[in-house]
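In what follows, a structure is listed as structure tokens, so that the remarks can point back to it.
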Amino acid sequence: MATESSEGEEETKLMGGNSQLVVDTDLREMAKNAAWSVSSCKPGNGVSSLRDDNYETYWQSDGAQPHLVNIQFQKKVKLQLVALYVDFNLDESYTPSKVSIRAGDGFHNLKEIKTVEFVKPTGWMYVPLSGNDPRETFVNTFMLQIGILSNHLNGRDTHVRQIKVYGPQPNPIPHQPFQFTSTEFITYSTLR
Amino acid sequence: MFLSVSFIFGSLLLLASIFNMTKTVKQLFLIQNPQKPSLCVSPDSRLVVDSIANLNHPRFHTDSSLSSLISSTSNAFHYADENNLKFLVKSELYRSIVNFLSHIYKLSDKIRVYLSKYPMEGVLIDCVQNSMRHLLYRNAIFMCERLCSEFPSETNLQLLAACYLQSNQAYAAFHILKGTQMPQSRYLFAISCYQMDLLKEAEMALCPSNEPSAEVPNGAAGHYLLGLIYRYTDRLKSAVHQFNQALSIDPLLWAAYEELCKLGAAGEATSVFGDSAFECIQKQYMSQDVGPQLQASSDDHNVVSSRQQVAENVSARQLRHLNGNNMKDSSLNHNGAVFSGSTAGAASQPNNGVYAVIPFYNTPSPMANQLSGVAPPPICRNMLPNGSTSSSVGADVSPRSTVKSTIQAPRRKFVDEGKLRKISGRLFSDSGPRRSTRLAGEGGSMANVSGASVASGNGSNHTSKFSTSKLGSAALRSVTVRKGQSWSTETFNEGVRSELDDSRVNTTSTSGSSPSPDTRSCEHDGSMGRTSMSVSKVANGALELLSLLKIIGEGYRLSCLYRCQEALDVFMQLPLKHYNTGWVLSQVGKAHFELVDYMEAERAFSNARLASPYSLEGMDIYSTVLYHLKEDMRLSYLAQELISTDRLAPQSWCAMGNCYSMQKDHETALKNFQRAVQLNSRFTYAHTLCGHEYVALEDFENGIRSYQNALQIDARHYNAWYGLAMVYLRQEKYEFSEHNFRRALNINPCSSVIMSYLGTSLHALKRNEEALAMMEKAIIADKKNPLPMYQKANILVSMEDFDGALLVLEELKEYAPHESSVYALMGKIYKRRLMYDMAMLHFGLALDLKPSATDVATIKAAIEKLHVPDELEDNM
């Protein structure tokens, strides 16, 4: 089992949201080559709308809650952050409020690692996956599942406009226990 | 029947040798048999025709006694009796000779029109040439198309192809010249194939498989092109051979030497540009010293024109899409400099200028003789019937010799000049002498024309023509008018030119007024003296140039062999005016870059940009230097500037890609690098950069492919070997990694970075002793590089030599007090030595220095489990 976090139970409330996606420079988007799927969708508002870098389009579920987004990676990856773009102003009752993030080797052994509650979010909402223990800074997993447990105003179906998944930048220098930080080292550390 | 250029030249050459053999060289002939010249001429002119029928001699580079031939032939025209002349005129030989003569003198193209059997052709050629000279390719192409449809000779087709090539439409030239056989056509065809990346076809054109003994057309240029083709088809030995051959024909073909350097097969510059080169140049200039005085000038021309071709090749290839215009400008500037006599950097130019002037001192004399002294009415009479049939031929016979010898740009000139006028940025401006020749020649013709009105002999000539044919006089008049026009159009260095003209007028008028054999011989002697004097000047010029090339060549060679410190020392020997040029400075920057001295490299490159802000040479490296220095502002500024300078240069997009790569936007960076590859698929560095970006995106497969592409173009591009090795290191294929690092190190044996990584891969192979030795080597190779020290500490830790490792790290700490990883490693060591306080201290220090999130996690975990032995954790 990849994750043994138990902090997922305590809920955090997240408000607001950022119109601009801002993440640390030592993070990188990990899910480009992952396989994405959703539990249900309306025709024309499918899973591709989640990844088209377009805030106008959205994925709309079409079925019973919870609505699920599954991200399956080709190999085990280190993940640190999930970012969702939702818009309460536009979507109102379609806006997710309770979101649960689960990780595991596959559908059979998913385990919840984080639950958050959005309060009238508009823009990018960041859900850090790190636990309290420094060894749990990253989630090491094959699969990530984002579950929309409930919507605002008790809406049934949900709208999510974008999802990004971030992990740490790999050390540019292989076989190095630590990454270099000083310019003296970095200039000499690679050729180009 | 249309005679090919080579054909003409070859047969004329033969004629010349006949003249020489039979001692009927013009002067002798005039002196010895002034009373009955036609006796001797007539058999010779028949001989010419015979020889044309019999022989097609392709060697037109070495025609040594051409200029004596000119005078002989002009005399032949003059003194030939009616039958002979008719015979001559009717034969195509006449036209050929006109072409030839005008080529020799490279004078006003316009008068040629009046001599041509087909005036329209002359006008068209003139027009095309003019358009080309003014870089109006559209017009040139249009007119040339008219020309070719009216007069579909192969030389005209060559001209058309040249127009297309110049306007960067190689495909058009390709179609035009498909299947042509003349050497010049084959060469042009090969160039167009090469530009279209049809290397096989280009090779076939240069050395046809059905006749393997055939000579490569255009001498050094042909060999150079063939060498390039071999190089890009991975036949490096043959390529080296061809480049060497090109250099042996023309030691000043720098581009060939550059290629040899890139292939790592260049001989030392001191020998390549040494005595043998000097002799070669001297031979080119002086082989005619023994011949009649005029030869010098004609050969000078030949040398120049062949050079010109060479130069053109350089420009055609290297500067294919960008620099055509720049080149032209620069050549013009050079000309200007020649005349004003104030050039820095072209030491030999003045010499050439002087040298090239010689023909004028010589050539006008026979003409003046003919005009004033003889001015034979019979010819005029003679020509009258012809005049009625073909106006241009009959138009003005008596001034024909004048015209012929002084004026006109013949067909070959287009071929050479039209397409080849762009001279590369060589120091030695070839067009200088040629142009000066022409200018001065124009002066000469002016002198003649004006002399015609003054001298009594000419006056009679003039009037006789005036009375016999209006057309003739009209032609003559318009000749003068046109001369005037050309004067006014070519405004620069006018003053100097008028000076030249003055002197010319003097010379011609004196010799013209006294056509006796005595003066003639006097003048002969005088010009001989002048010739030899200028020959010694040429020798000096050649020596100066060669000594300059020796330094630059040696520097470049060493830098290509990655003996960078030596290269830098050599470049330092250059005179300041050459050192402070874009090319040299960017080479210096490159050398510093290879030495991993990015600060110095940055300085050199920014100076290079100051020296030539338009030059893109080495700017890809500059952007990488800035990338290494993390100068993001300056890097993006540079990229923007380069893009606005030339959007179609791969260097610009490499800089842009580096810019994005530094922002960690590897996908956009990759796109930019791919654009660079698209723009020039032979731009090695762009492939390598693509590879780096793929690796950053963890797409190792494509990364490897990109590196391999780079290596396919240039197996000596060590960065790609390094990239491959890094990929294998990451993929834990340590044997491969070691192998590739060794390849890279073989090419660049001074790089401490490669050494250090080679040590790392050896360490991964558990060959710790070797690894340590390699690290020591790396530390010695570059004392400023902290990496091998750190790696050494790593290796020592794995060998459980903690004290040794700590010692090394303490030293490193002095060098880079802000390096978190040093403290982290020290903390780790202290932890293993169970010195928890020290471990805690160092971990804390490491955390303070803002390590990456991953490292924060690792360090924090280590702190938390301070008292748990390392072995229980997974190895970090």
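Just remember, in the structure tokens the first chain shown is A, the second B, etc., residues are 1-based per chain, and ligands are 1-based in the order shown.
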
Interface residues on chain A facing chain B, 12 Å, only C-alpha atoms, written as an NGL selection string: :A and (24-30 or 32-33 or 78-80 or 130-139 or 167-192)

Next, write the just-selected residues to a file, as an mmCIF file, in the first residue's frame, keeping C-alpha atoms as the atom set.
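Written out: again20.cif:
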data_model
loop_
_atom_site.group_PDB
_atom_site.id
_atom_site.type_symbol
_atom_site.label_atom_id
_atom_site.label_comp_id
_atom_site.auth_asym_id
_atom_site.auth_seq_id
_atom_site.Cartn_x
_atom_site.Cartn_y
_atom_site.Cartn_z
ATOM 1 C CA ASP A 24 6.050 26.441 -6.490
ATOM 2 C CA THR A 25 8.743 26.260 -9.113
ATOM 3 C CA ASP A 26 10.018 22.985 -7.747
ATOM 4 C CA LEU A 27 6.735 21.333 -8.655
ATOM 5 C CA ARG A 28 5.714 19.948 -11.968
ATOM 6 C CA GLU A 29 2.540 18.691 -13.505
ATOM 7 C CA MET A 30 2.544 14.917 -13.363
ATOM 8 C CA LYS A 32 -0.076 14.541 -18.551
ATOM 9 C CA ASN A 33 0.597 10.966 -19.497
ATOM 10 C CA LYS A 78 5.383 11.150 -6.143
ATOM 11 C CA LEU A 79 2.553 13.625 -5.757
ATOM 12 C CA GLN A 80 2.311 16.667 -3.615
ATOM 13 C CA SER A 130 1.283 16.197 2.299
ATOM 14 C CA GLY A 131 0.734 14.720 5.691
ATOM 15 C CA ASN A 132 2.093 16.030 8.936
ATOM 16 C CA ASP A 133 4.977 13.609 9.090
ATOM 17 C CA PRO A 134 7.916 14.842 6.965
ATOM 18 C CA ARG A 135 8.114 11.382 5.452
ATOM 19 C CA GLU A 136 4.596 11.937 4.179
ATOM 20 C CA THR A 137 5.426 15.066 2.250
ATOM 21 C CA PHE A 138 4.654 13.166 -0.905
ATOM 22 C CA VAL A 139 2.105 10.598 -1.839
ATOM 23 C CA GLY A 167 4.690 16.344 -7.916
ATOM 24 C CA PRO A 168 8.229 17.409 -7.077
ATOM 25 C CA GLN A 169 10.794 18.162 -9.766
ATOM 26 C CA PRO A 170 13.214 15.310 -10.020
ATOM 27 C CA ASN A 171 16.805 15.960 -9.137
ATOM 28 C CA PRO A 172 18.398 17.126 -12.377
ATOM 29 C CA ILE A 173 21.521 15.267 -11.444
ATOM 30 C CA PRO A 174 21.139 11.548 -11.185
ATOM 31 C CA HIS A 175 22.686 9.661 -8.302
ATOM 32 C CA GLN A 176 22.837 12.600 -6.074
ATOM 33 C CA PRO A 177 21.482 12.396 -2.579
ATOM 34 C CA PHE A 178 20.618 16.085 -2.429
ATOM 35 C CA GLN A 179 19.858 18.744 -4.955
ATOM 36 C CA PHE A 180 22.304 21.565 -5.285
ATOM 37 C CA THR A 181 21.211 24.997 -4.217
ATOM 38 C CA SER A 182 24.170 27.324 -4.716
ATOM 39 C CA THR A 183 25.039 28.823 -8.072
ATOM 40 C CA GLU A 184 28.622 27.665 -7.654
ATOM 41 C CA PHE A 185 27.448 24.102 -7.698
ATOM 42 C CA ILE A 186 24.665 24.418 -10.186
ATOM 43 C CA THR A 187 26.750 26.041 -12.906
ATOM 44 C CA TYR A 188 29.139 23.145 -12.774
ATOM 45 C CA SER A 189 26.607 20.435 -12.239
ATOM 46 C CA THR A 190 25.531 19.964 -15.843
ATOM 47 C CA LEU A 191 26.702 20.506 -19.335
ATOM 48 C CA ARG A 192 24.449 21.588 -22.063
#

Per-residue nearest contacts stretch 86-149 of chain A to stretch 39-57 of chain A, cut-off 12 Å, using only C-alpha atoms, as a tab-separated table:
residue	atom	partner	partner_atom	distance
A:Val86	CA	A:Tyr55	CA	8.7
A:Asp87	CA	A:Tyr55	CA	9.1
A:Leu90	CA	A:Glu56	CA	9.9
A:Asp91	CA	A:Glu56	CA	11.1
A:Thr122	CA	A:Tyr55	CA	11.1
A:Gly123	CA	A:Tyr55	CA	9.0
A:Trp124	CA	A:Tyr55	CA	10.2
A:Gln145	CA	A:Ser39	CA	10.5
A:Ile146	CA	A:Ser39	CA	10.5
A:Gly147	CA	A:Ser39	CA	9.4
A:Ile148	CA	A:Ser39	CA	10.5

Atom pair atom CA of B:Leu595 / atom CA of B:Asn748: separation (Å):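 Value for the atom CA of B:Leu595-atom CA of B:Asn748 distance: 9.6 Å.
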
Shell of 12 Å around B:Ile747, only C-alpha atoms, local chain residues under 4 positions omitted, as a PyMOL selection string: chain B and resi 262-264+558-563+594+714-722+740-743+751+754-755

Quick one: write out the picked residues with C-alpha atoms as a PDB file, in the first residue's frame?
ATOM      1  CA  LYS B 262      35.321  20.599 -37.270  1.00  0.00           C
ATOM      2  CA  LEU B 263      36.129  17.112 -38.424  1.00  0.00           C
ATOM      3  CA  GLY B 264      39.160  17.189 -36.187  1.00  0.00           C
ATOM      4  CA  LEU B 558      42.842  24.067 -31.221  1.00  0.00           C
ATOM      5  CA  SER B 559      39.431  25.160 -30.133  1.00  0.00           C
ATOM      6  CA  CYS B 560      37.878  22.448 -32.290  1.00  0.00           C
ATOM      7  CA  LEU B 561      40.211  19.965 -30.657  1.00  0.00           C
ATOM      8  CA  TYR B 562      39.009  21.384 -27.337  1.00  0.00           C
ATOM      9  CA  ARG B 563      42.477  22.449 -26.372  1.00  0.00           C
ATOM     10  CA  GLU B 594      34.195  24.691 -23.071  1.00  0.00           C
ATOM     11  CA  ASP B 714      28.601  15.675 -36.045  1.00  0.00           C
ATOM     12  CA  ALA B 715      30.136  12.760 -34.248  1.00  0.00           C
ATOM     13  CA  ARG B 716      32.501  15.133 -32.507  1.00  0.00           C
ATOM     14  CA  HIS B 717      29.708  16.971 -30.767  1.00  0.00           C
ATOM     15  CA  TYR B 718      30.591  15.806 -27.308  1.00  0.00           C
ATOM     16  CA  ASN B 719      27.564  17.368 -25.654  1.00  0.00           C
ATOM     17  CA  ALA B 720      25.407  14.730 -27.275  1.00  0.00           C
ATOM     18  CA  TRP B 721      27.647  11.933 -26.035  1.00  0.00           C
ATOM     19  CA  TYR B 722      27.373  13.489 -22.633  1.00  0.00           C
ATOM     20  CA  ASN B 740      29.469   7.367 -23.504  1.00  0.00           C
ATOM     21  CA  PHE B 741      31.157   9.528 -20.921  1.00  0.00           C
ATOM     22  CA  ARG B 742      34.428   8.188 -22.170  1.00  0.00           C
ATOM     23  CA  ARG B 743      33.500   9.066 -25.735  1.00  0.00           C
ATOM     24  CA  SER B 751      36.252  18.952 -19.248  1.00  0.00           C
ATOM     25  CA  ILE B 754      32.628  15.043 -17.839  1.00  0.00           C
ATOM     26  CA  MET B 755      35.436  13.602 -15.758  1.00  0.00           C
TER      27      MET B 755
END

Atom CA of B:Gln284 to atom CA of B:Ser248, distance in Å rounded to a single decimal: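 Atom CA of B:Ser248 lies 11.9 Å from atom CA of B:Gln284.
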
Counting only C-alpha atoms, what is within 12 Å of stretch 117-120 of chain A, bar same-chain residues fewer than 5 positions away, as a PDB file with N, CA, C and O atoms, in the first residue's frame?
ATOM      1  N   GLY A   8      -6.465  12.169   6.577  1.00  0.00           N
ATOM      2  CA  GLY A   8      -7.526  12.521   5.653  1.00  0.00           C
ATOM      3  C   GLY A   8      -8.858  12.769   6.331  1.00  0.00           C
ATOM      4  O   GLY A   8      -9.700  13.462   5.780  1.00  0.00           O
ATOM      5  N   GLU A   9      -9.026  12.200   7.520  1.00  0.00           N
ATOM      6  CA  GLU A   9     -10.349  12.292   8.154  1.00  0.00           C
ATOM      7  C   GLU A   9     -10.685  13.724   8.549  1.00  0.00           C
ATOM      8  O   GLU A   9     -11.808  14.176   8.384  1.00  0.00           O
ATOM      9  N   GLU A  10      -9.695  14.408   9.085  1.00  0.00           N
ATOM     10  CA  GLU A  10     -10.022  15.765   9.534  1.00  0.00           C
ATOM     11  C   GLU A  10     -10.202  16.678   8.337  1.00  0.00           C
ATOM     12  O   GLU A  10      -9.362  16.762   7.453  1.00  0.00           O
ATOM     13  N   GLU A  11     -11.288  17.364   8.319  1.00  0.00           N
ATOM     14  CA  GLU A  11     -11.625  18.164   7.152  1.00  0.00           C
ATOM     15  C   GLU A  11     -11.027  19.558   7.260  1.00  0.00           C
ATOM     16  O   GLU A  11     -10.950  20.136   8.336  1.00  0.00           O
ATOM     17  N   THR A  12     -10.598  20.075   6.146  1.00  0.00           N
ATOM     18  CA  THR A  12     -10.154  21.458   6.089  1.00  0.00           C
ATOM     19  C   THR A  12     -11.114  22.229   5.207  1.00  0.00           C
ATOM     20  O   THR A  12     -11.574  21.706   4.190  1.00  0.00           O
ATOM     21  N   LYS A  13     -11.424  23.450   5.623  1.00  0.00           N
ATOM     22  CA  LYS A  13     -12.312  24.268   4.803  1.00  0.00           C
ATOM     23  C   LYS A  13     -11.489  25.220   3.971  1.00  0.00           C
ATOM     24  O   LYS A  13     -10.576  25.872   4.470  1.00  0.00           O
ATOM     25  N   LEU A  14     -11.767  25.237   2.699  1.00  0.00           N
ATOM     26  CA  LEU A  14     -11.032  26.113   1.789  1.00  0.00           C
ATOM     27  C   LEU A  14     -11.997  27.109   1.178  1.00  0.00           C
ATOM     28  O   LEU A  14     -13.066  26.743   0.720  1.00  0.00           O
ATOM     29  N   MET A  15     -11.551  28.378   1.202  1.00  0.00           N
ATOM     30  CA  MET A  15     -12.424  29.433   0.670  1.00  0.00           C
ATOM     31  C   MET A  15     -11.728  30.116  -0.507  1.00  0.00           C
ATOM     32  O   MET A  15     -10.547  29.932  -0.754  1.00  0.00           O
ATOM     33  N   GLY A  16     -12.466  30.934  -1.178  1.00  0.00           N
ATOM     34  CA  GLY A  16     -11.899  31.810  -2.214  1.00  0.00           C
ATOM     35  C   GLY A  16     -11.453  31.066  -3.448  1.00  0.00           C
ATOM     36  O   GLY A  16     -12.243  30.374  -4.066  1.00  0.00           O
ATOM     37  N   GLY A  17     -10.217  31.221  -3.754  1.00  0.00           N
ATOM     38  CA  GLY A  17      -9.705  30.626  -4.998  1.00  0.00           C
ATOM     39  C   GLY A  17      -8.916  31.669  -5.764  1.00  0.00           C
ATOM     40  O   GLY A  17      -9.059  32.865  -5.560  1.00  0.00           O
ATOM     41  N   LEU A  84      -7.704  22.258  -8.366  1.00  0.00           N
ATOM     42  CA  LEU A  84      -8.954  22.166  -9.120  1.00  0.00           C
ATOM     43  C   LEU A  84      -9.437  23.568  -9.434  1.00  0.00           C
ATOM     44  O   LEU A  84      -9.343  24.475  -8.601  1.00  0.00           O
ATOM     45  N   TYR A  85      -9.947  23.720 -10.639  1.00  0.00           N
ATOM     46  CA  TYR A  85     -10.558  25.000 -10.991  1.00  0.00           C
ATOM     47  C   TYR A  85     -12.068  24.824 -10.984  1.00  0.00           C
ATOM     48  O   TYR A  85     -12.630  24.051 -11.755  1.00  0.00           O
ATOM     49  N   VAL A  86     -12.710  25.538 -10.049  1.00  0.00           N
ATOM     50  CA  VAL A  86     -14.170  25.487  -9.960  1.00  0.00           C
ATOM     51  C   VAL A  86     -14.672  26.925  -9.875  1.00  0.00           C
ATOM     52  O   VAL A  86     -13.923  27.840  -9.520  1.00  0.00           O
ATOM     53  N   ASP A  87     -15.928  27.124 -10.207  1.00  0.00           N
ATOM     54  CA  ASP A  87     -16.424  28.495 -10.262  1.00  0.00           C
ATOM     55  C   ASP A  87     -17.846  28.547  -9.712  1.00  0.00           C
ATOM     56  O   ASP A  87     -18.810  28.189 -10.376  1.00  0.00           O
ATOM     57  N   PHE A  88     -17.940  29.002  -8.467  1.00  0.00           N
ATOM     58  CA  PHE A  88     -19.252  29.048  -7.831  1.00  0.00           C
ATOM     59  C   PHE A  88     -20.150  30.071  -8.515  1.00  0.00           C
ATOM     60  O   PHE A  88     -21.364  29.882  -8.613  1.00  0.00           O
ATOM     61  N   ASN A  89     -19.586  31.166  -8.987  1.00  0.00           N
ATOM     62  CA  ASN A  89     -20.392  32.214  -9.613  1.00  0.00           C
ATOM     63  C   ASN A  89     -21.124  31.699 -10.842  1.00  0.00           C
ATOM     64  O   ASN A  89     -22.255  32.071 -11.104  1.00  0.00           O
ATOM     65  N   LEU A  90     -20.447  30.848 -11.585  1.00  0.00           N
ATOM     66  CA  LEU A  90     -21.066  30.353 -12.810  1.00  0.00           C
ATOM     67  C   LEU A  90     -21.878  29.092 -12.556  1.00  0.00           C
ATOM     68  O   LEU A  90     -22.933  28.894 -13.130  1.00  0.00           O
ATOM     69  N   ASP A  91     -21.366  28.230 -11.669  1.00  0.00           N
ATOM     70  CA  ASP A  91     -21.932  26.890 -11.582  1.00  0.00           C
ATOM     71  C   ASP A  91     -22.921  26.710 -10.434  1.00  0.00           C
ATOM     72  O   ASP A  91     -23.673  25.742 -10.417  1.00  0.00           O
ATOM     73  N   GLU A  92     -22.863  27.602  -9.480  1.00  0.00           N
ATOM     74  CA  GLU A  92     -23.796  27.589  -8.348  1.00  0.00           C
ATOM     75  C   GLU A  92     -23.979  26.206  -7.755  1.00  0.00           C
ATOM     76  O   GLU A  92     -23.032  25.639  -7.211  1.00  0.00           O
ATOM     77  N   SER A  93     -25.114  25.633  -7.949  1.00  0.00           N
ATOM     78  CA  SER A  93     -25.378  24.361  -7.266  1.00  0.00           C
ATOM     79  C   SER A  93     -24.577  23.218  -7.849  1.00  0.00           C
ATOM     80  O   SER A  93     -24.589  22.109  -7.337  1.00  0.00           O
ATOM     81  N   TYR A  94     -23.911  23.479  -8.964  1.00  0.00           N
ATOM     82  CA  TYR A  94     -23.051  22.442  -9.530  1.00  0.00           C
ATOM     83  C   TYR A  94     -21.658  22.465  -8.909  1.00  0.00           C
ATOM     84  O   TYR A  94     -20.846  21.612  -9.202  1.00  0.00           O
ATOM     85  N   THR A  95     -21.401  23.486  -8.090  1.00  0.00           N
ATOM     86  CA  THR A  95     -20.048  23.638  -7.562  1.00  0.00           C
ATOM     87  C   THR A  95     -19.783  22.626  -6.457  1.00  0.00           C
ATOM     88  O   THR A  95     -20.570  22.505  -5.521  1.00  0.00           O
ATOM     89  N   PRO A  96     -18.682  21.890  -6.547  1.00  0.00           N
ATOM     90  CA  PRO A  96     -18.382  20.900  -5.516  1.00  0.00           C
ATOM     91  C   PRO A  96     -18.170  21.566  -4.164  1.00  0.00           C
ATOM     92  O   PRO A  96     -17.610  22.660  -4.093  1.00  0.00           O
ATOM     93  N   SER A  97     -18.575  20.922  -3.117  1.00  0.00           N
ATOM     94  CA  SER A  97     -18.261  21.451  -1.794  1.00  0.00           C
ATOM     95  C   SER A  97     -17.376  20.475  -1.030  1.00  0.00           C
ATOM     96  O   SER A  97     -16.364  20.848  -0.469  1.00  0.00           O
ATOM     97  N   LYS A  98     -17.715  19.219  -1.025  1.00  0.00           N
ATOM     98  CA  LYS A  98     -16.903  18.241  -0.309  1.00  0.00           C
ATOM     99  C   LYS A  98     -16.137  17.402  -1.310  1.00  0.00           C
ATOM    100  O   LYS A  98     -16.737  16.770  -2.179  1.00  0.00           O
ATOM    101  N   VAL A  99     -14.837  17.461  -1.175  1.00  0.00           N
ATOM    102  CA  VAL A  99     -14.000  16.716  -2.116  1.00  0.00           C
ATOM    103  C   VAL A  99     -13.110  15.774  -1.333  1.00  0.00           C
ATOM    104  O   VAL A  99     -12.484  16.166  -0.341  1.00  0.00           O
ATOM    105  N   SER A 100     -13.054  14.539  -1.776  1.00  0.00           N
ATOM    106  CA  SER A 100     -12.206  13.553  -1.117  1.00  0.00           C
ATOM    107  C   SER A 100     -11.162  13.073  -2.111  1.00  0.00           C
ATOM    108  O   SER A 100     -11.464  12.877  -3.286  1.00  0.00           O
ATOM    109  N   ILE A 101      -9.933  12.946  -1.642  1.00  0.00           N
ATOM    110  CA  ILE A 101      -8.861  12.482  -2.528  1.00  0.00           C
ATOM    111  C   ILE A 101      -8.344  11.156  -2.006  1.00  0.00           C
ATOM    112  O   ILE A 101      -8.026  11.010  -0.824  1.00  0.00           O
ATOM    113  N   MET A 125      -8.366  25.991  -6.692  1.00  0.00           N
ATOM    114  CA  MET A 125      -8.362  25.536  -5.296  1.00  0.00           C
ATOM    115  C   MET A 125      -7.243  24.513  -5.147  1.00  0.00           C
ATOM    116  O   MET A 125      -7.173  23.559  -5.904  1.00  0.00           O
ATOM    117  N   TYR A 126      -6.376  24.774  -4.174  1.00  0.00           N
ATOM    118  CA  TYR A 126      -5.220  23.902  -4.000  1.00  0.00           C
ATOM    119  C   TYR A 126      -5.473  22.911  -2.877  1.00  0.00           C
ATOM    120  O   TYR A 126      -5.867  23.305  -1.777  1.00  0.00           O
ATOM    121  N   VAL A 127      -5.245  21.682  -3.149  1.00  0.00           N
ATOM    122  CA  VAL A 127      -5.395  20.648  -2.121  1.00  0.00           C
ATOM    123  C   VAL A 127      -4.045  19.975  -1.925  1.00  0.00           C
ATOM    124  O   VAL A 127      -3.644  19.129  -2.723  1.00  0.00           O
ATOM    125  N   GLY A 147     -12.879  12.379  -5.510  1.00  0.00           N
ATOM    126  CA  GLY A 147     -14.310  12.132  -5.365  1.00  0.00           C
ATOM    127  C   GLY A 147     -15.042  13.404  -4.952  1.00  0.00           C
ATOM    128  O   GLY A 147     -14.639  14.077  -4.005  1.00  0.00           O
ATOM    129  N   ILE A 148     -16.088  13.752  -5.698  1.00  0.00           N
ATOM    130  CA  ILE A 148     -16.933  14.884  -5.311  1.00  0.00           C
ATOM    131  C   ILE A 148     -18.078  14.294  -4.497  1.00  0.00           C
ATOM    132  O   ILE A 148     -18.991  13.661  -5.035  1.00  0.00           O
ATOM    133  N   LEU A 149     -17.998  14.516  -3.196  1.00  0.00           N
ATOM    134  CA  LEU A 149     -18.985  13.878  -2.324  1.00  0.00           C
ATOM    135  C   LEU A 149     -20.290  14.665  -2.287  1.00  0.00           C
ATOM    136  O   LEU A 149     -21.362  14.088  -2.195  1.00  0.00           O
ATOM    137  N   SER A 150     -20.181  15.989  -2.347  1.00  0.00           N
ATOM    138  CA  SER A 150     -21.416  16.778  -2.335  1.00  0.00           C
ATOM    139  C   SER A 150     -21.158  18.116  -3.013  1.00  0.00           C
ATOM    140  O   SER A 150     -20.011  18.538  -3.179  1.00  0.00           O
ATOM    141  N   ASN A 151     -22.282  18.766  -3.393  1.00  0.00           N
ATOM    142  CA  ASN A 151     -22.172  20.060  -4.059  1.00  0.00           C
ATOM    143  C   ASN A 151     -22.774  21.138  -3.176  1.00  0.00           C
ATOM    144  O   ASN A 151     -23.437  20.863  -2.169  1.00  0.00           O
ATOM    145  N   HIS A 152     -22.525  22.361  -3.603  1.00  0.00           N
ATOM    146  CA  HIS A 152     -23.168  23.482  -2.925  1.00  0.00           C
ATOM    147  C   HIS A 152     -24.670  23.414  -3.158  1.00  0.00           C
ATOM    148  O   HIS A 152     -25.130  22.901  -4.181  1.00  0.00           O
ATOM    149  N   LEU A 153     -25.407  23.944  -2.212  1.00  0.00           N
ATOM    150  CA  LEU A 153     -26.873  24.047  -2.319  1.00  0.00           C
ATOM    151  C   LEU A 153     -27.502  22.701  -2.644  1.00  0.00           C
ATOM    152  O   LEU A 153     -28.511  22.629  -3.353  1.00  0.00           O
TER     153      LEU A 153
END

Polymer residues at most 9 Å from B:Leu585, only C-alpha atoms, same-chain spacing of 4 or more positions, as a list in words: Tyr579, Asn580, Thr581, Gly589, Lys590, Ala604, Phe605, Ser606, Asn607, Ala608, Arg609 and Ala611 of chain B
